[in-house]
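Enquirer: Here you go, one structure.
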Amino acid sequence: YRANLDRYQNNVDKKEFCTLWMISTPGSSDSQKCYQDLGIDFVMVNKNFDGPQFDKSPDFWKTYTNGELNIYYRPEVN
């Protein structure tokens, strides 16, 4: 459920957008606030669909990859 981005298009969650921002625009100020508020340091995403935006973001370090997924670490920002 947390990674099902279709729910935003279907108006299931009208108020909760953190997951959308955190995955679709991981470097944005909105998503960075969500990561901080939720205390999330690691993110696992589909390599082909969501990997590129994390690869482009200087805020995340790729820590693991395989044929299907990538795991990224978000270091604490001082």
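Starting from 1 in every chain, residues are counted up; chains themselves are A, B, ... following the order of the structure tokens, and ligands are numbered from 1 as listed.
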If you count only C-alpha atoms, which residues fall within 12 Å of Gln36 in chain A, apart from same-chain ones fewer than 4 positions away, as a ChimeraX atom specification?
Expert: /A:18,22,26,29-32,40-42,74-78
Enquirer: So that I can see what lies close to Phe54 in chain A, please list as number ranges by chain the residues with an atom at most 8 Å from it, counting only C-alpha atoms and leaving out residues fewer than 4 positions away in the same chain.
Expert: A: 26-27, 50, 60, 72
Enquirer: Grab the residues selected above and save them as a PDB file, in the first residue's frame with all heavy atoms.
Expert:
ATOM      1  N   PRO A  26      12.554  12.747  -4.781  1.00  0.00           N
ATOM      2  CA  PRO A  26      13.238  12.552  -3.504  1.00  0.00           C
ATOM      3  C   PRO A  26      14.104  13.718  -3.050  1.00  0.00           C
ATOM      4  O   PRO A  26      14.360  13.854  -1.857  1.00  0.00           O
ATOM      5  CB  PRO A  26      14.082  11.303  -3.742  1.00  0.00           C
ATOM      6  CG  PRO A  26      14.236  11.207  -5.214  1.00  0.00           C
ATOM      7  CD  PRO A  26      12.991  11.803  -5.795  1.00  0.00           C
ATOM      8  N   GLY A  27      14.515  14.574  -3.944  1.00  0.00           N
ATOM      9  CA  GLY A  27      15.361  15.705  -3.557  1.00  0.00           C
ATOM     10  C   GLY A  27      14.598  16.974  -3.242  1.00  0.00           C
ATOM     11  O   GLY A  27      15.201  17.972  -2.839  1.00  0.00           O
ATOM     12  N   ASP A  50      11.782   3.708 -10.437  1.00  0.00           N
ATOM     13  CA  ASP A  50      12.061   4.790  -9.499  1.00  0.00           C
ATOM     14  C   ASP A  50      13.537   5.015  -9.207  1.00  0.00           C
ATOM     15  O   ASP A  50      13.885   5.970  -8.520  1.00  0.00           O
ATOM     16  CB  ASP A  50      11.316   4.534  -8.182  1.00  0.00           C
ATOM     17  CG  ASP A  50       9.818   4.532  -8.394  1.00  0.00           C
ATOM     18  OD1 ASP A  50       9.322   5.450  -9.061  1.00  0.00           O
ATOM     19  OD2 ASP A  50       9.144   3.611  -7.892  1.00  0.00           O
ATOM     20  N   PHE A  60      21.043  11.100  -1.826  1.00  0.00           N
ATOM     21  CA  PHE A  60      20.937   9.662  -1.600  1.00  0.00           C
ATOM     22  C   PHE A  60      22.153   8.940  -2.137  1.00  0.00           C
ATOM     23  O   PHE A  60      22.661   9.284  -3.203  1.00  0.00           O
ATOM     24  CB  PHE A  60      19.673   9.107  -2.271  1.00  0.00           C
ATOM     25  CG  PHE A  60      18.422   9.585  -1.621  1.00  0.00           C
ATOM     26  CD1 PHE A  60      17.845  10.777  -2.001  1.00  0.00           C
ATOM     27  CD2 PHE A  60      17.831   8.846  -0.615  1.00  0.00           C
ATOM     28  CE1 PHE A  60      16.691  11.249  -1.391  1.00  0.00           C
ATOM     29  CE2 PHE A  60      16.674   9.306   0.006  1.00  0.00           C
ATOM     30  CZ  PHE A  60      16.110  10.506  -0.382  1.00  0.00           C
ATOM     31  N   TYR A  72      18.716   2.754  -1.312  1.00  0.00           N
ATOM     32  CA  TYR A  72      19.445   4.005  -1.140  1.00  0.00           C
ATOM     33  C   TYR A  72      19.467   4.394   0.321  1.00  0.00           C
ATOM     34  O   TYR A  72      18.514   4.149   1.068  1.00  0.00           O
ATOM     35  CB  TYR A  72      18.766   5.131  -1.924  1.00  0.00           C
ATOM     36  CG  TYR A  72      18.760   4.897  -3.406  1.00  0.00           C
ATOM     37  CD1 TYR A  72      17.733   4.195  -4.003  1.00  0.00           C
ATOM     38  CD2 TYR A  72      19.802   5.354  -4.193  1.00  0.00           C
ATOM     39  CE1 TYR A  72      17.720   3.957  -5.371  1.00  0.00           C
ATOM     40  CE2 TYR A  72      19.806   5.119  -5.565  1.00  0.00           C
ATOM     41  CZ  TYR A  72      18.770   4.423  -6.134  1.00  0.00           C
ATOM     42  OH  TYR A  72      18.780   4.185  -7.481  1.00  0.00           O
TER      43      TYR A  72
END
Enquirer: Counting only C-alpha atoms, which residue out of A:Cys34, A:Ser28, A:Lys47, A:Leu69 sits closest to Glu16 in chain A?
Expert: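 Checking each of A:Cys34, A:Ser28, A:Lys47, A:Leu69 against Glu16 in chain A, counting only C-alpha atoms, the winner is A:Cys34.
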Enquirer: Pull the strand (DSSP E or B) assignments for range 40-71 of chain A out of DSSP run on the backbone, and list those residues as a VMD selection string.
Expert: chain A and resid 42 to 46 61 to 65 69 to 71
Enquirer: Once you have the residues from the selection above, write them out as a compact mmCIF listing (two decimals), in the first residue's frame, restricted to all heavy atoms.
Expert:
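Result written to selection.txt:
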# COMPACT_ATOMS: atom_id res chain seq x y z
N PHE A 42 16.65 4.71 4.89
CA PHE A 42 16.84 3.82 3.75
C PHE A 42 15.56 3.71 2.94
O PHE A 42 14.45 3.72 3.50
CB PHE A 42 17.25 2.41 4.21
CG PHE A 42 18.64 2.35 4.76
CD1 PHE A 42 18.87 2.57 6.11
CD2 PHE A 42 19.71 2.08 3.94
CE1 PHE A 42 20.15 2.52 6.63
CE2 PHE A 42 21.00 2.03 4.44
CZ PHE A 42 21.23 2.25 5.80
N VAL A 43 15.72 3.61 1.62
CA VAL A 43 14.59 3.48 0.72
C VAL A 43 14.89 2.36 -0.27
O VAL A 43 15.97 2.30 -0.84
CB VAL A 43 14.35 4.79 -0.07
CG1 VAL A 43 13.17 4.66 -1.00
CG2 VAL A 43 14.17 5.97 0.86
N MET A 44 13.91 1.48 -0.47
CA MET A 44 14.04 0.41 -1.45
C MET A 44 13.01 0.67 -2.54
O MET A 44 11.81 0.82 -2.25
CB MET A 44 13.78 -0.95 -0.82
CG MET A 44 13.91 -2.09 -1.80
SD MET A 44 13.85 -3.74 -1.03
CE MET A 44 12.26 -3.72 -0.24
N VAL A 45 13.47 0.78 -3.79
CA VAL A 45 12.57 1.10 -4.89
C VAL A 45 12.84 0.18 -6.07
O VAL A 45 13.90 -0.44 -6.18
CB VAL A 45 12.72 2.57 -5.36
CG1 VAL A 45 12.34 3.54 -4.27
CG2 VAL A 45 14.12 2.85 -5.87
N ASN A 46 11.86 0.11 -6.96
CA ASN A 46 12.01 -0.61 -8.21
C ASN A 46 13.11 0.08 -9.02
O ASN A 46 13.03 1.28 -9.29
CB ASN A 46 10.70 -0.61 -8.99
CG ASN A 46 10.80 -1.35 -10.29
OD1 ASN A 46 11.49 -0.91 -11.21
ND2 ASN A 46 10.11 -2.46 -10.38
N TRP A 61 22.58 7.94 -1.41
CA TRP A 61 23.68 7.09 -1.83
C TRP A 61 23.14 5.70 -2.11
O TRP A 61 22.44 5.12 -1.28
CB TRP A 61 24.73 6.97 -0.73
CG TRP A 61 25.32 8.26 -0.25
CD1 TRP A 61 25.25 9.49 -0.85
CD2 TRP A 61 26.05 8.44 0.96
NE1 TRP A 61 25.90 10.41 -0.09
CE2 TRP A 61 26.41 9.81 1.02
CE3 TRP A 61 26.44 7.59 1.99
CZ2 TRP A 61 27.14 10.33 2.08
CZ3 TRP A 61 27.18 8.12 3.03
CH2 TRP A 61 27.53 9.47 3.07
N LYS A 62 23.45 5.16 -3.27
CA LYS A 62 23.02 3.79 -3.59
C LYS A 62 23.88 2.82 -2.79
O LYS A 62 25.11 2.86 -2.88
CB LYS A 62 23.16 3.51 -5.08
CG LYS A 62 22.56 2.18 -5.49
CD LYS A 62 22.80 1.83 -6.94
CE LYS A 62 22.37 2.89 -7.89
NZ LYS A 62 22.59 2.52 -9.30
N THR A 63 23.24 1.98 -1.99
CA THR A 63 23.97 1.04 -1.15
C THR A 63 23.86 -0.40 -1.63
O THR A 63 24.66 -1.24 -1.24
CB THR A 63 23.49 1.11 0.31
OG1 THR A 63 22.10 0.79 0.36
CG2 THR A 63 23.72 2.50 0.89
N TYR A 64 22.84 -0.69 -2.44
CA TYR A 64 22.64 -2.05 -2.93
C TYR A 64 21.85 -1.99 -4.22
O TYR A 64 20.95 -1.17 -4.38
CB TYR A 64 21.87 -2.90 -1.90
CG TYR A 64 21.57 -4.30 -2.39
CD1 TYR A 64 22.54 -5.29 -2.31
CD2 TYR A 64 20.34 -4.61 -2.94
CE1 TYR A 64 22.27 -6.58 -2.76
CE2 TYR A 64 20.06 -5.89 -3.40
CZ TYR A 64 21.04 -6.86 -3.30
OH TYR A 64 20.78 -8.13 -3.77
N THR A 65 22.18 -2.90 -5.14
CA THR A 65 21.41 -3.01 -6.37
C THR A 65 21.44 -4.45 -6.84
O THR A 65 22.39 -5.19 -6.58
CB THR A 65 21.95 -2.07 -7.46
OG1 THR A 65 21.08 -2.10 -8.59
CG2 THR A 65 23.35 -2.43 -7.89
N LEU A 69 15.83 -4.22 -7.95
CA LEU A 69 15.65 -3.12 -7.00
C LEU A 69 16.95 -2.44 -6.65
O LEU A 69 18.03 -2.97 -6.87
CB LEU A 69 14.96 -3.63 -5.73
CG LEU A 69 15.66 -4.72 -4.93
CD1 LEU A 69 16.57 -4.12 -3.88
CD2 LEU A 69 14.62 -5.59 -4.26
N ASN A 70 16.80 -1.24 -6.13
CA ASN A 70 17.91 -0.47 -5.59
C ASN A 70 17.56 -0.08 -4.16
O ASN A 70 16.40 0.21 -3.86
CB ASN A 70 18.15 0.83 -6.38
CG ASN A 70 18.73 0.60 -7.74
OD1 ASN A 70 19.22 -0.47 -8.06
ND2 ASN A 70 18.68 1.62 -8.57
N ILE A 71 18.57 -0.05 -3.30
CA ILE A 71 18.39 0.47 -1.96
C ILE A 71 19.31 1.67 -1.82
O ILE A 71 20.48 1.63 -2.19
CB ILE A 71 18.73 -0.59 -0.90
CG1 ILE A 71 17.76 -1.77 -1.03
CG2 ILE A 71 18.67 0.02 0.51
CD1 ILE A 71 18.05 -2.92 -0.08
Enquirer: Using only C-alpha atoms for the distances, tell me which of A:Tyr73, A:Pro58, A:Glu68, A:Pro52 is nearest to Tyr35 in chain A.
Expert: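 When distances to Tyr35 in chain A are compared using only C-alpha atoms, the smallest one comes from A:Tyr73.
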